[in-house]
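**Student:** Got a structure for you, questions after.
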Amino acid sequence: MQVIDRRKALSIAPIWRLAFRPFFLAGSLYALLAIPLWVAAWTGLWPGFQPTGGWLAWHRHEMLFGFAMAIVAGFLLTAVQTWTGQTAPSGNRLVGLAAVWLAARLGWLFGLPAAWLAPLDLLFLVALVWMMARMLWAVRQKRNYPIVVVLSLMLGADVLILTGLLQGNDALQRQGVLAGLWLVAALMALIGGRVIPFFTQRGLGKVDAVKPWVWLDVALLVGTGVIALLHAFGVAMRPQPVLGLLFVAIGIGHLLRLMRWYDKGIWKVGLLWSLHVAMLWLVVAAFGLALWHFGLLTQSSPSLHALSVGSMSGLILAMIARVTLGHTGRPLQLPAGIIGAFVLFNLGTAARVFLSVAWPVGGLWLAALCWTLAFALYVWRYAPMLVAARVDGHPG
């Protein structure tokens, strides 16, 4: 049976053997195109056509449910095979899932009527939730059930956005986007808490990884989930000092974990410091939003971009750089230029979070340039790995 399965797996074109391949490639290509397109539209340099709902609605939704969820799908549908021993989607099933994702992206950009776009967009998340739930349930792997819960809530956040789109209700769309963003932060807290200390231990040749404080991991997951729900119900959309305390607690919790994971040796290993810095941007976001809720900052946007750009997208770039190497049978050694991509990315985040407050247009264009170059470097170095067979000859 193993021989037959191996032959069957090797008969599939490499790009369709595991989900990380098409979704890491498509997601990174989408990222490097979508941000300069958005900034060009925002600054009036793009022709007059409008995506469904307008450019702002497109940007808010697509960077989360188009770009980020493509990477999440690629990561989870690859990892779940290792977690459960079940066969992950590949071949035609994976082609179908990728086609649904692409159709929704094209539909939103080129103005597909909202009544047609909504079910198409939701279909991708429905399929992802179903695939993850089925594989975890098959082996009753309760440890990873929270992932399905978070993904299901993401589906609910997308329903909220699309309902707002159909009704022309911008406030409802914004509630759904911010709820979805904090749900991704919950996934980052859950999965990052598992892999970052382990990767740090392995990368530095330490004997033992830092043992987790389960109470802290649970508190961060629950606290971040509560923030997501407060946004979904519109409670957290205006400054409220009591919510500032919650954001302070989230920031302190993540900072405490980072301090426990920290080792000065990470600065010699790009695959490690990129992960730690991404989680540090989450701390910046939490404290910044706390200050906004306390009335000490006039804008929440810079702090939200510390989360969406610096933390979420920074963790994505760091993780896909590592996961691609491991799952294509290569040693964990970064290709030339990827350290530069990490540096550019974080410089661009700093421009978006800090510089664009005083210099809006110039700061945004600088941030977009750094972002685009960072993902272009990833695509240049990693696309050949993603479309080719594993170097060790194994399936996957």
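How things are named: the first chain in the structure tokens is A, the next is B, and so on; residues count from 1 in each chain; ligands count from 1 in the order shown.
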Got a sec: who's within 12 Å of stretch 5-11 of chain A, counting only C-alpha atoms, leaving out chain neighbours fewer than 2 positions off, as an mmCIF file with C-alpha atoms, in the first residue's frame?

**Tutor:**
```
data_model
loop_
_atom_site.group_PDB
_atom_site.id
_atom_site.type_symbol
_atom_site.label_atom_id
_atom_site.label_comp_id
_atom_site.auth_asym_id
_atom_site.auth_seq_id
_atom_site.Cartn_x
_atom_site.Cartn_y
_atom_site.Cartn_z
ATOM 1 C CA MET A 1 0.000 0.000 0.000
ATOM 2 C CA GLN A 2 2.843 2.382 0.781
ATOM 3 C CA VAL A 3 4.395 1.716 -2.640
ATOM 4 C CA ALA A 13 2.447 17.546 -10.641
ATOM 5 C CA PRO A 14 4.682 18.877 -7.821
ATOM 6 C CA ILE A 15 2.762 22.137 -7.405
ATOM 7 C CA TRP A 16 -0.373 20.149 -6.439
ATOM 8 C CA ARG A 17 1.199 17.633 -4.040
ATOM 9 C CA LEU A 18 0.661 19.612 -0.826
ATOM 10 C CA THR A 87 -3.760 12.229 3.719
ATOM 11 C CA ALA A 88 -3.981 15.968 3.090
ATOM 12 C CA PRO A 89 -5.742 17.433 0.026
ATOM 13 C CA SER A 90 -3.696 17.086 -3.136
ATOM 14 C CA GLY A 91 -4.193 16.686 -6.861
ATOM 15 C CA ASN A 92 -7.654 17.567 -8.131
ATOM 16 C CA ALA A 388 9.550 21.451 -8.412
ATOM 17 C CA ALA A 389 9.643 18.048 -6.759
ATOM 18 C CA ARG A 390 11.325 17.620 -3.377
ATOM 19 C CA GLY A 393 12.760 12.414 -4.005
ATOM 20 C CA HIS A 394 9.988 11.940 -1.435
ATOM 21 C CA PRO A 395 6.346 12.806 -2.111
ATOM 22 C CA GLY A 396 5.026 16.090 -0.814
#
```

**Student:** With a distance cut-off of 7 Å and only C-alpha atoms, select the neighbouring residues of stretch 168-177 of chain A, excluding the residue or stretch itself and same-chain residues fewer than 6 positions from it, and output the selection as a list of chain:residue names.

**Tutor:**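 Result of the neighbour search: A:Arg60, A:His61, A:Ala157, A:Asp158, A:Leu160, A:Ile161, A:His231, A:Ala232, A:Gly234.
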
**Student:** Enter the distance from atom CA of A:Asn346 to atom CA of A:Ser313, in Å, rounded to one decimal.

**Tutor:** 10.1 Å

**Student:** Show me, as a PyMOL selection string, the residues that have an atom within 9 Å of A:Gly66 when counting only C-alpha atoms, minus same-chain residues fewer than 6 positions from it.

**Tutor:** chain A and resi 27+30+101-102+104-105

**Student:** How would the residues just chosen look if you wrote them out with all heavy atoms as a tab-separated table (two decimals), in the first residue's frame?

**Tutor:**
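In the end it all went to result_26.tsv:
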```tsv
chain	number	residue	atom	x	y	z
A	27	GLY	N	-0.35	33.27	-2.70
A	27	GLY	CA	-0.48	34.30	-1.68
A	27	GLY	C	0.61	35.34	-1.76
A	27	GLY	O	0.35	36.54	-1.64
A	30	TYR	N	0.11	37.50	-4.84
A	30	TYR	CA	-1.00	38.41	-4.60
A	30	TYR	C	-0.55	39.57	-3.71
A	30	TYR	O	-0.90	40.74	-3.95
A	30	TYR	CB	-2.15	37.65	-3.95
A	30	TYR	CG	-3.48	38.37	-3.98
A	30	TYR	CD1	-3.90	39.07	-5.09
A	30	TYR	CD2	-4.33	38.32	-2.88
A	30	TYR	CE1	-5.12	39.71	-5.13
A	30	TYR	CE2	-5.56	38.96	-2.90
A	30	TYR	CZ	-5.95	39.65	-4.02
A	30	TYR	OH	-7.17	40.29	-4.05
A	101	TRP	N	-10.42	29.89	-4.58
A	101	TRP	CA	-9.73	31.06	-4.02
A	101	TRP	C	-9.45	32.09	-5.11
A	101	TRP	O	-9.72	33.28	-4.93
A	101	TRP	CB	-8.42	30.60	-3.38
A	101	TRP	CG	-7.57	31.73	-2.86
A	101	TRP	CD1	-7.65	32.31	-1.64
A	101	TRP	CD2	-6.53	32.42	-3.57
A	101	TRP	NE1	-6.73	33.34	-1.52
A	101	TRP	CE2	-6.02	33.43	-2.70
A	101	TRP	CE3	-5.97	32.29	-4.84
A	101	TRP	CZ2	-4.99	34.29	-3.08
A	101	TRP	CZ3	-4.94	33.16	-5.21
A	101	TRP	CH2	-4.46	34.14	-4.34
A	102	LEU	N	-8.90	31.66	-6.24
A	102	LEU	CA	-8.55	32.58	-7.32
A	102	LEU	C	-9.79	33.24	-7.91
A	102	LEU	O	-9.78	34.45	-8.20
A	102	LEU	CB	-7.77	31.83	-8.41
A	102	LEU	CG	-7.34	32.66	-9.62
A	102	LEU	CD1	-6.42	33.80	-9.19
A	102	LEU	CD2	-6.65	31.77	-10.66
A	104	ALA	N	-12.59	33.96	-6.47
A	104	ALA	CA	-13.07	35.00	-5.55
A	104	ALA	C	-12.20	36.24	-5.62
A	104	ALA	O	-12.70	37.37	-5.59
A	104	ALA	CB	-13.12	34.45	-4.13
A	105	ARG	N	-10.88	36.05	-5.75
A	105	ARG	CA	-9.98	37.20	-5.83
A	105	ARG	C	-10.24	38.00	-7.10
A	105	ARG	O	-10.32	39.23	-7.08
A	105	ARG	CB	-8.52	36.75	-5.83
A	105	ARG	CG	-8.10	35.81	-4.70
A	105	ARG	CD	-8.11	36.35	-3.32
A	105	ARG	NE	-9.33	36.77	-2.75
A	105	ARG	CZ	-10.24	35.96	-2.15
A	105	ARG	NH1	-10.05	34.66	-2.13
A	105	ARG	NH2	-11.32	36.48	-1.60
```

**Student:** State, in Å with one decimal place, the distance from atom CA of A:Arg134 to atom CA of A:Val150.

**Tutor:**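 The value is 15.2 Å.
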
**Student:** So that I can see what lies close to A:Ile147, please list as an NGL selection string the residues with an atom at most 12 Å from it, counting only C-alpha atoms and leaving out residues fewer than 6 positions away in the same chain.

**Tutor:** :A and (72-73 or 76-77 or 79-80 or 128-130 or 132-133 or 136 or 141 or 153-154 or 183-184 or 186-191 or 221 or 225)

**Student:** Kindly export the residues of the current selection with N, CA and C atoms, as an mmCIF file, in the first residue's frame.

**Tutor:**
```
data_model
loop_
_atom_site.group_PDB
_atom_site.id
_atom_site.type_symbol
_atom_site.label_atom_id
_atom_site.label_comp_id
_atom_site.auth_asym_id
_atom_site.auth_seq_id
_atom_site.Cartn_x
_atom_site.Cartn_y
_atom_site.Cartn_z
ATOM 1 N N VAL A 72 -2.593 30.853 5.434
ATOM 2 C CA VAL A 72 -3.101 30.031 6.537
ATOM 3 C C VAL A 72 -3.572 28.675 6.008
ATOM 4 N N ALA A 73 -4.299 28.688 4.901
ATOM 5 C CA ALA A 73 -4.772 27.428 4.310
ATOM 6 C C ALA A 73 -3.598 26.557 3.893
ATOM 7 N N LEU A 76 -1.916 25.202 7.231
ATOM 8 C CA LEU A 76 -2.701 24.255 8.011
ATOM 9 C C LEU A 76 -2.957 22.956 7.255
ATOM 10 N N LEU A 77 -3.270 23.042 5.964
ATOM 11 C CA LEU A 77 -3.566 21.828 5.205
ATOM 12 C C LEU A 77 -2.305 21.019 4.896
ATOM 13 N N ALA A 79 0.317 21.094 7.502
ATOM 14 C CA ALA A 79 0.652 20.649 8.855
ATOM 15 C C ALA A 79 -0.288 19.567 9.354
ATOM 16 N N VAL A 80 -1.560 19.624 8.974
ATOM 17 C CA VAL A 80 -2.532 18.676 9.519
ATOM 18 C C VAL A 80 -2.214 17.242 9.093
ATOM 19 N N LEU A 128 -12.248 25.058 3.567
ATOM 20 C CA LEU A 128 -11.093 24.953 4.463
ATOM 21 C C LEU A 128 -11.514 24.434 5.833
ATOM 22 N N VAL A 129 -12.586 24.989 6.386
ATOM 23 C CA VAL A 129 -13.067 24.533 7.696
ATOM 24 C C VAL A 129 -13.442 23.056 7.633
ATOM 25 N N TRP A 130 -14.145 22.666 6.576
ATOM 26 C CA TRP A 130 -14.575 21.276 6.441
ATOM 27 C C TRP A 130 -13.373 20.335 6.343
ATOM 28 N N MET A 132 -10.254 20.756 7.398
ATOM 29 C CA MET A 132 -9.538 20.688 8.673
ATOM 30 C C MET A 132 -10.336 19.903 9.702
ATOM 31 N N ALA A 133 -11.622 20.184 9.807
ATOM 32 C CA ALA A 133 -12.455 19.513 10.806
ATOM 33 C C ALA A 133 -12.522 18.017 10.540
ATOM 34 N N LEU A 136 -9.106 16.299 11.521
ATOM 35 C CA LEU A 136 -8.877 16.279 12.971
ATOM 36 C C LEU A 136 -9.870 15.358 13.673
ATOM 37 N N GLN A 141 -8.364 14.386 17.386
ATOM 38 C CA GLN A 141 -7.220 15.138 17.883
ATOM 39 C C GLN A 141 -7.719 16.435 18.533
ATOM 40 N N LEU A 153 -14.998 30.869 13.293
ATOM 41 C CA LEU A 153 -15.271 32.269 13.622
ATOM 42 C C LEU A 153 -14.809 33.201 12.506
ATOM 43 N N MET A 154 -13.706 32.833 11.837
ATOM 44 C CA MET A 154 -13.271 33.606 10.669
ATOM 45 C C MET A 154 -14.344 33.595 9.586
ATOM 46 N N LEU A 183 -8.874 37.512 15.080
ATOM 47 C CA LEU A 183 -8.930 36.047 15.051
ATOM 48 C C LEU A 183 -7.646 35.466 14.473
ATOM 49 N N VAL A 184 -7.079 36.131 13.447
ATOM 50 C CA VAL A 184 -5.775 35.705 12.950
ATOM 51 C C VAL A 184 -4.725 35.873 14.043
ATOM 52 N N ALA A 186 -5.280 35.503 17.126
ATOM 53 C CA ALA A 186 -5.484 34.356 18.024
ATOM 54 C C ALA A 186 -4.774 33.114 17.481
ATOM 55 N N LEU A 187 -4.865 32.899 16.167
ATOM 56 C CA LEU A 187 -4.129 31.781 15.561
ATOM 57 C C LEU A 187 -2.622 31.957 15.745
ATOM 58 N N MET A 188 -2.151 33.187 15.601
ATOM 59 C CA MET A 188 -0.734 33.461 15.788
ATOM 60 C C MET A 188 -0.315 33.155 17.228
ATOM 61 N N ALA A 189 -1.172 33.539 18.189
ATOM 62 C CA ALA A 189 -0.868 33.261 19.590
ATOM 63 C C ALA A 189 -0.812 31.764 19.844
ATOM 64 N N LEU A 190 -1.742 31.016 19.235
ATOM 65 C CA LEU A 190 -1.816 29.572 19.442
ATOM 66 C C LEU A 190 -0.658 28.841 18.778
ATOM 67 N N ILE A 191 -0.482 29.057 17.476
ATOM 68 C CA ILE A 191 0.529 28.312 16.733
ATOM 69 C C ILE A 191 1.928 28.858 17.008
ATOM 70 N N LEU A 221 -4.935 33.324 24.181
ATOM 71 C CA LEU A 221 -5.880 32.842 23.175
ATOM 72 C C LEU A 221 -7.288 33.345 23.480
ATOM 73 N N GLY A 225 -9.398 36.259 21.507
ATOM 74 C CA GLY A 225 -10.715 35.905 20.988
ATOM 75 C C GLY A 225 -11.799 36.853 21.464
#
```

**Student:** Which residues, written as a list in words, have at least one atom at most 10 Å from A:Asp217, with only C-alpha atoms counted and residues fewer than 6 positions away on the same chain left out?

**Tutor:**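 With the cut-off at 10 Å, the set is Ala189, Leu190, Gly193, Arg194, Gly223, Gly253, His254 and Arg257 of chain A.
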
**Student:** Quick one: pull the distance between atom CA of A:Val283 and atom CA of A:Met63, Å, one decimal.

**Tutor:**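 Computed distance, atom CA of A:Val283 to atom CA of A:Met63, equals 20.7 Å.
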
**Student:** Step one, run DSSP on the backbone; step two, keep only residues of stretch 144-372 of chain A assigned to alpha helix (DSSP H); then write them as a PyMOL selection string.

**Tutor:** chain A and resi 145-167+170-204+214-232+241-261+270-293+301-305+314-327+338-350+356-358+360-372

**Student:** Which neighbours of A:Trp371 fall inside 8 Å, counting only C-alpha atoms, when residues of the same chain fewer than 2 positions from it are skipped, and could you give them as a ChimeraX atom specification?

**Tutor:** /A:32,35,344-345,348-349,367-369,373-375

**Student:** Identify which of the residues A:Gly295, A:Gly48, A:Pro335, A:Gly164 lies closest to A:Met385, counting only C-alpha atoms when measuring atom-to-atom distances.

**Tutor:** A:Pro335
